[in-house]
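Engineer: Dropping the structure in here first, questions after.
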Amino acid sequence: MSNAQITVLFFSFAADRMNAREKIYELSTPVSIQEFFHKNLSASLKEPLESWLFSVNEEWVDPQYHLRPGDALAVVPPVSGG
Amino acid sequence: MSNAQITVLFFSFAADRMNAREKIYELSTPVSIQEFFHKNLSASLKEPLESWLFSVNEEWVDPQYHLRPGDALAVVPPVSGG
Amino acid sequence: MDYYLVTEDSIDITESLTMIDDPRTGAQAIFLGTVRNEYNGRQSLGLYYDAYPAMAHARIKKIGEALKQDFAISHVVIIHRIGELPVGAASVLVAVSAPHREAAFAAAKAGIDRVKQEVPIWKKEHWADGPSEWHDDPSHSGNIK
Amino acid sequence: MDYYLVTEDSIDITESLTMIDDPRTGAQAIFLGTVRNEYNGRQSLGLYYDAYPAMAHARIKKIGEALKQDFAISHVVIIHRIGELPVGAASVLVAVSAPHREAAFAAAKAGIDRVKQEVPIWKKEHWADGPSEWHDDPSHSGNIK
């Protein structure tokens, strides 16, 4: 992974819609999760931003978080364990 | 057991105070549990009538129940199972 | 299946879970009571459980049947062990299965509450520092309510 | 001891009870969730559980630590199984031990409630009569809320 890349993890139906559990993206400029979502994920994930939770490096973050090179962003659907 | 006898069962500290878990008594005349208690048990059991529950033939009864030959009366302290 | 037992043998939890097992149930709530090493701050070496076995069994069965009436549960197992029990031994088990967890928890809680209040079983505390005493004996030393 | 696990292996209840065992505790409350053969009246053949394992483990541990803060309990075990689970298999266990039963029940109930709400685990229902579907997928057939 180059210094300007991030990893994005997908679970449950997010993984189905992306056809992947993990993807690598180039970070050309610093962007928020919200901007990144609309540019790269929105079309495939279909549901609006408000339908998802996000974590970065295993900590919950809000969509205003600014992604940094090396981050592992997870797109998390509503949980349904138990 | 003759026709005019009853069995009395004692548990927990009632058995300790009676020095017995089971005793046979003659029923000379029909009596209520209350009368039987005051005549035969009260002195050894020490606690008043209200401290005990009674069952006859494995069904709860009140102290006004009239004992019949062949009955199995149980003197039941406050329960403490679990 | 439902199962009710008063026994001197140790309680088999795995077997109890098998008995309440059912493909329609998603929630099992189990309460297991064990013998503690102290009571009200005073050290104990164990408990002796006395019982009126026939009435105890009948009452436990009655409690289980009432739980099935009162809560949306599928199966109930209630087992009470009696006799001499060392610290750590399981004295009582209430296990219920239900489609959903709220009913399972409520029934298990009500079940153990009723077992403690209604079943003719009595326990004697083996104090580490003095003579054994029955719980709820009005003439005891005051360490047991 | 306390123990937190997200695993593809089957849940060992006996071992979990050993872990919460303590001579000072008299009350063990255990919740066991199992895979049902139906959901909202529609027949199911089983569940697939997906997870974000590292976060799921961290969250489960956090829940257990919070239970120990919030309730008068001694030990907690929380185990969530993931992967393909047939009907009847145990998917989740919350086991707590406490000196007294009220705290044990309250903590076990709060524990499973929080596991279901907060842990990044997702289940897919394998319908008997149609394609498998994720729970809470907004584009599903309507059988799953």
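Every chain in the structure tokens takes a letter, A first, then B, and so on in the order presented; its residues are numbered from 1, and the ligands are numbered from 1 following the presented order.
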Could you do a least-squares fit of chain C on chain D over every C-alpha atom, in sequence order, and give the output as a PDB file with C-alpha atoms, in the first residue's frame?

Structural biologist:
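Written file, selection31.pdb:
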```pdb
ATOM      1  CA  MET C   1     -12.603 -14.762  35.538  1.00  0.00           C
ATOM      2  CA  ASP C   2     -14.069 -12.686  32.703  1.00  0.00           C
ATOM      3  CA  TYR C   3     -13.915 -13.909  29.144  1.00  0.00           C
ATOM      4  CA  TYR C   4     -14.925 -12.460  25.772  1.00  0.00           C
ATOM      5  CA  LEU C   5     -14.829 -14.299  22.484  1.00  0.00           C
ATOM      6  CA  VAL C   6     -15.995 -14.079  18.883  1.00  0.00           C
ATOM      7  CA  THR C   7     -15.456 -17.482  17.317  1.00  0.00           C
ATOM      8  CA  GLU C   8     -16.421 -19.872  14.561  1.00  0.00           C
ATOM      9  CA  ASP C   9     -16.313 -22.766  17.029  1.00  0.00           C
ATOM     10  CA  SER C  10     -19.318 -24.066  18.943  1.00  0.00           C
ATOM     11  CA  ILE C  11     -20.008 -22.461  22.322  1.00  0.00           C
ATOM     12  CA  ASP C  12     -18.939 -24.527  25.338  1.00  0.00           C
ATOM     13  CA  ILE C  13     -21.479 -23.794  28.075  1.00  0.00           C
ATOM     14  CA  THR C  14     -19.864 -25.995  30.709  1.00  0.00           C
ATOM     15  CA  GLU C  15     -16.532 -24.244  30.260  1.00  0.00           C
ATOM     16  CA  SER C  16     -18.272 -20.854  30.479  1.00  0.00           C
ATOM     17  CA  LEU C  17     -19.837 -21.836  33.796  1.00  0.00           C
ATOM     18  CA  THR C  18     -16.432 -22.876  35.094  1.00  0.00           C
ATOM     19  CA  MET C  19     -15.070 -19.459  34.174  1.00  0.00           C
ATOM     20  CA  ILE C  20     -17.710 -17.535  36.158  1.00  0.00           C
ATOM     21  CA  ASP C  21     -17.467 -19.953  39.092  1.00  0.00           C
ATOM     22  CA  ASP C  22     -16.533 -18.338  42.408  1.00  0.00           C
ATOM     23  CA  PRO C  23     -17.185 -19.479  46.017  1.00  0.00           C
ATOM     24  CA  ARG C  24     -18.451 -15.971  46.859  1.00  0.00           C
ATOM     25  CA  THR C  25     -21.240 -16.108  44.262  1.00  0.00           C
ATOM     26  CA  GLY C  26     -24.595 -17.778  44.848  1.00  0.00           C
ATOM     27  CA  ALA C  27     -26.345 -16.805  41.623  1.00  0.00           C
ATOM     28  CA  GLN C  28     -25.487 -17.538  38.025  1.00  0.00           C
ATOM     29  CA  ALA C  29     -27.727 -16.186  35.250  1.00  0.00           C
ATOM     30  CA  ILE C  30     -27.094 -17.468  31.753  1.00  0.00           C
ATOM     31  CA  PHE C  31     -28.644 -16.426  28.475  1.00  0.00           C
ATOM     32  CA  LEU C  32     -28.181 -18.701  25.501  1.00  0.00           C
ATOM     33  CA  GLY C  33     -29.378 -17.639  22.077  1.00  0.00           C
ATOM     34  CA  THR C  34     -30.029 -20.360  19.498  1.00  0.00           C
ATOM     35  CA  VAL C  35     -30.927 -20.402  15.816  1.00  0.00           C
ATOM     36  CA  ARG C  36     -34.693 -20.748  15.267  1.00  0.00           C
ATOM     37  CA  ASN C  37     -36.435 -22.643  12.491  1.00  0.00           C
ATOM     38  CA  GLU C  38     -38.597 -19.669  11.563  1.00  0.00           C
ATOM     39  CA  TYR C  39     -38.640 -15.887  11.527  1.00  0.00           C
ATOM     40  CA  ASN C  40     -41.897 -13.921  11.528  1.00  0.00           C
ATOM     41  CA  GLY C  41     -43.724 -17.082  10.539  1.00  0.00           C
ATOM     42  CA  ARG C  42     -41.490 -17.951   7.559  1.00  0.00           C
ATOM     43  CA  GLN C  43     -39.488 -21.184   7.698  1.00  0.00           C
ATOM     44  CA  SER C  44     -35.721 -20.873   7.974  1.00  0.00           C
ATOM     45  CA  LEU C  45     -32.947 -23.418   7.498  1.00  0.00           C
ATOM     46  CA  GLY C  46     -30.349 -21.528   9.510  1.00  0.00           C
ATOM     47  CA  LEU C  47     -28.307 -18.341   9.755  1.00  0.00           C
ATOM     48  CA  TYR C  48     -25.009 -17.060   8.475  1.00  0.00           C
ATOM     49  CA  TYR C  49     -23.316 -14.610  10.877  1.00  0.00           C
ATOM     50  CA  ASP C  50     -20.908 -12.088   9.387  1.00  0.00           C
ATOM     51  CA  ALA C  51     -18.738 -10.010  11.740  1.00  0.00           C
ATOM     52  CA  TYR C  52     -16.065  -7.377  11.946  1.00  0.00           C
ATOM     53  CA  PRO C  53     -14.140  -9.655  14.312  1.00  0.00           C
ATOM     54  CA  ALA C  54     -11.676  -7.222  15.915  1.00  0.00           C
ATOM     55  CA  MET C  55     -14.350  -4.571  16.583  1.00  0.00           C
ATOM     56  CA  ALA C  56     -16.876  -7.175  17.656  1.00  0.00           C
ATOM     57  CA  HIS C  57     -14.459  -8.554  20.236  1.00  0.00           C
ATOM     58  CA  ALA C  58     -13.575  -5.070  21.498  1.00  0.00           C
ATOM     59  CA  ARG C  59     -17.239  -4.105  21.783  1.00  0.00           C
ATOM     60  CA  ILE C  60     -18.179  -7.312  23.600  1.00  0.00           C
ATOM     61  CA  LYS C  61     -15.369  -6.703  26.079  1.00  0.00           C
ATOM     62  CA  LYS C  62     -16.554  -3.128  26.570  1.00  0.00           C
ATOM     63  CA  ILE C  63     -20.096  -4.355  27.259  1.00  0.00           C
ATOM     64  CA  GLY C  64     -18.801  -6.865  29.825  1.00  0.00           C
ATOM     65  CA  GLU C  65     -16.752  -4.214  31.594  1.00  0.00           C
ATOM     66  CA  ALA C  66     -19.756  -1.884  31.664  1.00  0.00           C
ATOM     67  CA  LEU C  67     -21.913  -4.642  33.186  1.00  0.00           C
ATOM     68  CA  LYS C  68     -19.379  -5.028  35.992  1.00  0.00           C
ATOM     69  CA  GLN C  69     -19.582  -1.277  36.620  1.00  0.00           C
ATOM     70  CA  ASP C  70     -23.361  -1.097  36.482  1.00  0.00           C
ATOM     71  CA  PHE C  71     -24.380  -4.229  38.414  1.00  0.00           C
ATOM     72  CA  ALA C  72     -23.208  -5.998  41.595  1.00  0.00           C
ATOM     73  CA  ILE C  73     -21.788  -8.956  39.689  1.00  0.00           C
ATOM     74  CA  SER C  74     -18.539 -10.877  40.023  1.00  0.00           C
ATOM     75  CA  HIS C  75     -17.727 -12.401  36.627  1.00  0.00           C
ATOM     76  CA  VAL C  76     -18.931 -12.153  33.024  1.00  0.00           C
ATOM     77  CA  VAL C  77     -18.509 -14.384  29.994  1.00  0.00           C
ATOM     78  CA  ILE C  78     -19.795 -13.241  26.591  1.00  0.00           C
ATOM     79  CA  ILE C  79     -19.280 -15.443  23.543  1.00  0.00           C
ATOM     80  CA  HIS C  80     -20.679 -14.857  20.055  1.00  0.00           C
ATOM     81  CA  ARG C  81     -20.366 -17.528  17.431  1.00  0.00           C
ATOM     82  CA  ILE C  82     -20.132 -16.502  13.765  1.00  0.00           C
ATOM     83  CA  GLY C  83     -20.170 -18.292  10.405  1.00  0.00           C
ATOM     84  CA  GLU C  84     -22.766 -20.787   9.194  1.00  0.00           C
ATOM     85  CA  LEU C  85     -25.085 -21.992  11.982  1.00  0.00           C
ATOM     86  CA  PRO C  86     -27.804 -24.607  11.576  1.00  0.00           C
ATOM     87  CA  VAL C  87     -31.174 -24.458  13.340  1.00  0.00           C
ATOM     88  CA  GLY C  88     -30.714 -25.242  17.045  1.00  0.00           C
ATOM     89  CA  ALA C  89     -27.070 -24.151  17.239  1.00  0.00           C
ATOM     90  CA  ALA C  90     -26.100 -21.711  20.005  1.00  0.00           C
ATOM     91  CA  SER C  91     -25.109 -18.342  18.525  1.00  0.00           C
ATOM     92  CA  VAL C  92     -24.567 -16.277  21.654  1.00  0.00           C
ATOM     93  CA  LEU C  93     -23.990 -16.784  25.360  1.00  0.00           C
ATOM     94  CA  VAL C  94     -24.034 -14.239  28.177  1.00  0.00           C
ATOM     95  CA  ALA C  95     -23.193 -15.728  31.579  1.00  0.00           C
ATOM     96  CA  VAL C  96     -22.779 -13.768  34.807  1.00  0.00           C
ATOM     97  CA  SER C  97     -22.191 -14.731  38.410  1.00  0.00           C
ATOM     98  CA  ALA C  98     -23.132 -12.595  41.381  1.00  0.00           C
ATOM     99  CA  PRO C  99     -23.629 -12.897  45.118  1.00  0.00           C
ATOM    100  CA  HIS C 100     -27.396 -12.411  44.619  1.00  0.00           C
ATOM    101  CA  ARG C 101     -29.859 -13.271  41.883  1.00  0.00           C
ATOM    102  CA  GLU C 102     -31.400  -9.865  41.189  1.00  0.00           C
ATOM    103  CA  ALA C 103     -28.074  -8.447  39.963  1.00  0.00           C
ATOM    104  CA  ALA C 104     -27.286 -11.623  38.015  1.00  0.00           C
ATOM    105  CA  PHE C 105     -30.578 -11.487  36.092  1.00  0.00           C
ATOM    106  CA  ALA C 106     -30.430  -7.734  35.455  1.00  0.00           C
ATOM    107  CA  ALA C 107     -26.862  -7.925  34.166  1.00  0.00           C
ATOM    108  CA  ALA C 108     -27.476 -10.923  31.892  1.00  0.00           C
ATOM    109  CA  LYS C 109     -30.531  -9.191  30.422  1.00  0.00           C
ATOM    110  CA  ALA C 110     -28.703  -5.896  29.871  1.00  0.00           C
ATOM    111  CA  GLY C 111     -25.759  -7.830  28.416  1.00  0.00           C
ATOM    112  CA  ILE C 112     -27.714  -9.621  25.688  1.00  0.00           C
ATOM    113  CA  ASP C 113     -29.700  -6.449  24.906  1.00  0.00           C
ATOM    114  CA  ARG C 114     -26.470  -4.521  24.357  1.00  0.00           C
ATOM    115  CA  VAL C 115     -24.842  -7.346  22.354  1.00  0.00           C
ATOM    116  CA  LYS C 116     -27.775  -7.280  19.947  1.00  0.00           C
ATOM    117  CA  GLN C 117     -27.689  -3.486  19.622  1.00  0.00           C
ATOM    118  CA  GLU C 118     -24.004  -2.620  19.587  1.00  0.00           C
ATOM    119  CA  VAL C 119     -21.793  -5.427  18.308  1.00  0.00           C
ATOM    120  CA  PRO C 120     -20.822  -5.345  14.599  1.00  0.00           C
ATOM    121  CA  ILE C 121     -22.286  -8.724  13.701  1.00  0.00           C
ATOM    122  CA  TRP C 122     -24.873  -9.317  10.981  1.00  0.00           C
ATOM    123  CA  LYS C 123     -27.059 -12.278  10.232  1.00  0.00           C
ATOM    124  CA  LYS C 124     -28.357 -13.650   6.976  1.00  0.00           C
ATOM    125  CA  GLU C 125     -31.482 -15.797   7.050  1.00  0.00           C
ATOM    126  CA  HIS C 126     -31.445 -18.926   4.895  1.00  0.00           C
ATOM    127  CA  TRP C 127     -35.129 -19.126   3.951  1.00  0.00           C
ATOM    128  CA  ALA C 128     -36.531 -22.554   3.205  1.00  0.00           C
ATOM    129  CA  ASP C 129     -38.539 -21.175   0.252  1.00  0.00           C
ATOM    130  CA  GLY C 130     -36.350 -18.508  -1.314  1.00  0.00           C
ATOM    131  CA  PRO C 131     -32.993 -16.741  -1.550  1.00  0.00           C
ATOM    132  CA  SER C 132     -31.092 -15.930   1.640  1.00  0.00           C
ATOM    133  CA  GLU C 133     -31.471 -12.388   2.974  1.00  0.00           C
ATOM    134  CA  TRP C 134     -29.576 -10.192   5.427  1.00  0.00           C
ATOM    135  CA  HIS C 135     -31.524  -8.926   8.418  1.00  0.00           C
ATOM    136  CA  ASP C 136     -32.205  -5.171   8.260  1.00  0.00           C
ATOM    137  CA  ASP C 137     -31.331  -4.961   4.580  1.00  0.00           C
ATOM    138  CA  PRO C 138     -33.640  -2.174   3.315  1.00  0.00           C
ATOM    139  CA  SER C 139     -34.003  -3.901  -0.068  1.00  0.00           C
ATOM    140  CA  HIS C 140     -35.205  -7.277   1.232  1.00  0.00           C
ATOM    141  CA  SER C 141     -38.539  -8.988   0.757  1.00  0.00           C
ATOM    142  CA  GLY C 142     -40.215  -7.581   3.841  1.00  0.00           C
ATOM    143  CA  ASN C 143     -40.070 -10.658   6.037  1.00  0.00           C
ATOM    144  CA  ILE C 144     -37.252  -9.149   8.077  1.00  0.00           C
ATOM    145  CA  LYS C 145     -38.110  -5.888   9.826  1.00  0.00           C
TER     146      LYS C 145
END
```

Engineer: Please list as a PyMOL selection string every residue within 8 Å of Val56 (chain B), counting only C-alpha atoms and excluding residues in the same chain fewer than 2 positions away.

Structural biologist: chain B and resi 54+58-61+71-74

Engineer: Find the residues in chain B near chain C: any atom within 8 Å counts, using only C-alpha atoms. Write them as a ChimeraX atom specification.

Structural biologist: /B:11-13,47,58-59,76,78-82

Engineer: Quick one: distance from CA of Arg68 (chain B) to CA of Asp16 (chain B) in Å, one decimal?

Structural biologist: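 According to the coordinates, CA of Arg68 (chain B) and CA of Asp16 (chain B) are separated by 25.8 Å.
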
Engineer: DSSP on the backbone: which residues in region 2-145 of chain D end up as strand (DSSP E or B)? Give the answer as a PyMOL selection string.

Structural biologist: chain D and resi 3-7+27-34+38-39+42-51+75-81+83-86+90-98+121-127+133-134

Engineer: Using N, CA and C atoms, can you write the selected residues to a file as a compact mmCIF listing (two decimals), in the first residue's frame?

Structural biologist:
```
# COMPACT_ATOMS: atom_id res chain seq x y z
N TYR D 3 -14.37 -13.32 30.41
CA TYR D 3 -13.91 -13.90 29.14
C TYR D 3 -14.81 -13.41 28.01
N TYR D 4 -14.18 -13.00 26.92
CA TYR D 4 -14.92 -12.44 25.79
C TYR D 4 -14.39 -13.06 24.51
N LEU D 5 -15.28 -13.55 23.67
CA LEU D 5 -14.82 -14.29 22.49
C LEU D 5 -15.80 -14.15 21.33
N VAL D 6 -15.24 -13.95 20.14
CA VAL D 6 -15.99 -14.07 18.88
C VAL D 6 -15.32 -15.21 18.13
N THR D 7 -16.08 -16.24 17.78
CA THR D 7 -15.46 -17.47 17.32
C THR D 7 -16.31 -18.19 16.29
N ALA D 27 -25.34 -16.93 42.72
CA ALA D 27 -26.32 -16.81 41.63
C ALA D 27 -25.62 -16.71 40.29
N GLN D 28 -25.96 -17.61 39.40
CA GLN D 28 -25.47 -17.55 38.04
C GLN D 28 -26.67 -17.39 37.11
N ALA D 29 -26.65 -16.36 36.26
CA ALA D 29 -27.71 -16.19 35.25
C ALA D 29 -27.07 -16.31 33.88
N ILE D 30 -27.66 -17.17 33.07
CA ILE D 30 -27.08 -17.47 31.77
C ILE D 30 -28.14 -17.25 30.70
N PHE D 31 -27.77 -16.52 29.65
CA PHE D 31 -28.63 -16.43 28.48
C PHE D 31 -27.95 -17.12 27.32
N LEU D 32 -28.70 -17.98 26.66
CA LEU D 32 -28.18 -18.71 25.51
C LEU D 32 -29.12 -18.46 24.33
N GLY D 33 -28.59 -17.86 23.28
CA GLY D 33 -29.39 -17.64 22.07
C GLY D 33 -29.13 -18.75 21.07
N THR D 34 -30.19 -19.28 20.48
CA THR D 34 -30.04 -20.36 19.51
C THR D 34 -30.76 -20.00 18.22
N GLU D 38 -37.69 -20.56 12.30
CA GLU D 38 -38.60 -19.67 11.59
C GLU D 38 -38.33 -18.24 12.01
N TYR D 39 -38.73 -17.31 11.17
CA TYR D 39 -38.63 -15.89 11.54
C TYR D 39 -39.89 -15.22 11.01
N ARG D 42 -42.03 -17.37 8.81
CA ARG D 42 -41.48 -17.95 7.57
C ARG D 42 -40.38 -18.94 7.93
N GLN D 43 -40.42 -20.11 7.33
CA GLN D 43 -39.50 -21.18 7.71
C GLN D 43 -38.06 -20.87 7.31
N SER D 44 -37.14 -21.16 8.22
CA SER D 44 -35.72 -20.90 7.98
C SER D 44 -34.91 -22.17 8.17
N LEU D 45 -33.84 -22.28 7.41
CA LEU D 45 -32.95 -23.45 7.51
C LEU D 45 -31.71 -23.15 8.34
N GLY D 46 -31.54 -21.88 8.73
CA GLY D 46 -30.36 -21.53 9.53
C GLY D 46 -29.92 -20.11 9.25
N LEU D 47 -28.81 -19.72 9.86
CA LEU D 47 -28.30 -18.35 9.75
C LEU D 47 -26.82 -18.36 9.41
N TYR D 48 -26.43 -17.35 8.62
CA TYR D 48 -25.01 -17.06 8.48
C TYR D 48 -24.72 -15.77 9.23
N TYR D 49 -23.70 -15.81 10.11
CA TYR D 49 -23.32 -14.62 10.86
C TYR D 49 -22.02 -14.06 10.30
N ASP D 50 -22.09 -12.83 9.79
CA ASP D 50 -20.90 -12.09 9.39
C ASP D 50 -20.48 -11.21 10.57
N ALA D 51 -19.20 -10.86 10.63
CA ALA D 51 -18.72 -10.01 11.74
C ALA D 51 -17.52 -9.19 11.29
N HIS D 75 -18.40 -11.95 37.86
CA HIS D 75 -17.72 -12.39 36.63
C HIS D 75 -18.69 -12.39 35.46
N VAL D 76 -18.13 -12.18 34.26
CA VAL D 76 -18.93 -12.15 33.02
C VAL D 76 -18.22 -12.96 31.94
N VAL D 77 -18.98 -13.76 31.23
CA VAL D 77 -18.50 -14.38 29.99
C VAL D 77 -19.48 -14.01 28.88
N ILE D 78 -18.95 -13.48 27.78
CA ILE D 78 -19.79 -13.23 26.60
C ILE D 78 -19.09 -13.88 25.40
N ILE D 79 -19.82 -14.75 24.72
CA ILE D 79 -19.28 -15.44 23.54
C ILE D 79 -20.28 -15.30 22.41
N HIS D 80 -19.81 -14.88 21.24
CA HIS D 80 -20.67 -14.85 20.05
C HIS D 80 -20.05 -15.74 18.99
N ARG D 81 -20.84 -16.68 18.52
CA ARG D 81 -20.37 -17.53 17.43
C ARG D 81 -20.73 -16.89 16.11
N GLY D 83 -20.27 -17.30 11.50
CA GLY D 83 -20.18 -18.29 10.43
C GLY D 83 -21.53 -18.93 10.17
N GLU D 84 -21.53 -20.10 9.53
CA GLU D 84 -22.78 -20.80 9.21
C GLU D 84 -23.29 -21.57 10.42
N LEU D 85 -24.52 -21.30 10.83
CA LEU D 85 -25.09 -21.99 11.99
C LEU D 85 -26.42 -22.64 11.62
N PRO D 86 -26.53 -23.94 11.86
CA PRO D 86 -27.81 -24.62 11.57
C PRO D 86 -28.85 -24.31 12.65
N ALA D 90 -26.22 -22.87 19.12
CA ALA D 90 -26.11 -21.71 19.99
C ALA D 90 -25.27 -20.64 19.31
N SER D 91 -25.82 -19.44 19.19
CA SER D 91 -25.11 -18.34 18.53
C SER D 91 -24.48 -17.38 19.52
N VAL D 92 -25.08 -17.26 20.71
CA VAL D 92 -24.57 -16.26 21.65
C VAL D 92 -24.82 -16.73 23.08
N LEU D 93 -23.87 -16.45 23.94
CA LEU D 93 -23.99 -16.78 25.36
C LEU D 93 -23.56 -15.57 26.19
N VAL D 94 -24.40 -15.23 27.16
CA VAL D 94 -24.03 -14.23 28.18
C VAL D 94 -24.20 -14.92 29.53
N ALA D 95 -23.14 -15.05 30.29
CA ALA D 95 -23.19 -15.73 31.58
C ALA D 95 -22.57 -14.82 32.63
N VAL D 96 -23.30 -14.60 33.72
CA VAL D 96 -22.77 -13.77 34.80
C VAL D 96 -22.96 -14.48 36.14
N SER D 97 -22.04 -14.24 37.04
CA SER D 97 -22.19 -14.74 38.40
C SER D 97 -22.19 -13.55 39.36
N ALA D 98 -22.95 -13.70 40.43
CA ALA D 98 -23.13 -12.61 41.38
C ALA D 98 -23.43 -13.19 42.75
N ILE D 121 -22.02 -7.37 14.18
CA ILE D 121 -22.29 -8.72 13.70
C ILE D 121 -23.62 -8.65 12.95
N TRP D 122 -23.69 -9.40 11.85
CA TRP D 122 -24.86 -9.32 10.97
C TRP D 122 -25.31 -10.72 10.60
N LYS D 123 -26.62 -10.93 10.56
CA LYS D 123 -27.06 -12.28 10.22
C LYS D 123 -27.87 -12.32 8.93
N LYS D 124 -27.65 -13.42 8.23
CA LYS D 124 -28.35 -13.66 6.97
C LYS D 124 -29.22 -14.89 7.17
N GLU D 125 -30.50 -14.73 6.86
CA GLU D 125 -31.47 -15.80 7.06
C GLU D 125 -31.50 -16.68 5.82
N HIS D 126 -31.34 -17.98 6.01
CA HIS D 126 -31.45 -18.93 4.89
C HIS D 126 -32.89 -19.44 4.83
N TRP D 127 -33.72 -18.75 4.08
CA TRP D 127 -35.13 -19.13 3.96
C TRP D 127 -35.28 -20.52 3.34
N GLU D 133 -31.39 -13.86 2.83
CA GLU D 133 -31.46 -12.40 2.95
C GLU D 133 -30.83 -11.94 4.26
N TRP D 134 -30.11 -10.81 4.20
CA TRP D 134 -29.57 -10.19 5.41
C TRP D 134 -30.67 -9.56 6.21
```

Engineer: Show which residues sit within 6 Å of region 20-26 of chain A, as an NGL selection string. Count only C-alpha atoms, and ignore same-chain residues fewer than 5 positions away.

Structural biologist: :A and (4-10 or 15)

Engineer: What does the distance between CA of Gly70 (chain B) and CA of Glu35 (chain B) come to in Å, to one decimal place?

Structural biologist: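 So the two atoms, CA of Gly70 (chain B) and CA of Glu35 (chain B), lie 17.4 Å apart.
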
Engineer: Give me, as a list in words, all polymer residues having an atom no more than 10 Å from region 31-34 of chain B, counting only C-alpha atoms and skipping those fewer than 4 positions away in the same chain.

Structural biologist: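 Within the cut-off, the hits are Leu27, His38, Lys39, Leu41, Ser42, Leu49, Glu50, Phe54, Ser55, Val56, Val61, Asp62, Pro63, Gln64, Tyr65, His66, Leu67, Arg68 and Leu73 of chain B.
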
Engineer: How about saving the chosen residues, C-alpha atoms kept, as an mmCIF file, in the first residue's frame?

Structural biologist:
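Dumped everything to out-v5.cif:
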```cif
data_model
loop_
_atom_site.group_PDB
_atom_site.id
_atom_site.type_symbol
_atom_site.label_atom_id
_atom_site.label_comp_id
_atom_site.auth_asym_id
_atom_site.auth_seq_id
_atom_site.Cartn_x
_atom_site.Cartn_y
_atom_site.Cartn_z
ATOM 1 C CA LEU B 27 -56.377 -39.950 67.895
ATOM 2 C CA HIS B 38 -51.508 -27.322 71.693
ATOM 3 C CA LYS B 39 -52.002 -30.728 73.316
ATOM 4 C CA LEU B 41 -46.552 -30.439 70.014
ATOM 5 C CA SER B 42 -46.505 -26.955 71.465
ATOM 6 C CA LEU B 49 -48.943 -22.027 66.160
ATOM 7 C CA GLU B 50 -48.617 -19.044 63.811
ATOM 8 C CA PHE B 54 -49.348 -27.485 58.043
ATOM 9 C CA SER B 55 -50.027 -29.995 55.343
ATOM 10 C CA VAL B 56 -52.144 -33.128 55.479
ATOM 11 C CA VAL B 61 -54.374 -27.066 55.174
ATOM 12 C CA ASP B 62 -55.197 -24.478 57.819
ATOM 13 C CA PRO B 63 -55.106 -25.162 61.571
ATOM 14 C CA GLN B 64 -58.909 -25.585 61.642
ATOM 15 C CA TYR B 65 -58.607 -28.778 59.586
ATOM 16 C CA HIS B 66 -59.976 -31.769 61.536
ATOM 17 C CA LEU B 67 -57.540 -34.659 61.611
ATOM 18 C CA ARG B 68 -58.798 -38.056 60.537
ATOM 19 C CA LEU B 73 -49.761 -34.303 59.116
#
```

Engineer: Where in region 4-145 of chain D does DSSP assign alpha helix (DSSP H), given as a count of residues only?

Structural biologist: 44

Engineer: If I take CA of Asn57 (chain A) and CA of Ala14 (chain A), how far is one from the other in Å, to one decimal?

Structural biologist: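 It comes out at 18.1 Å.
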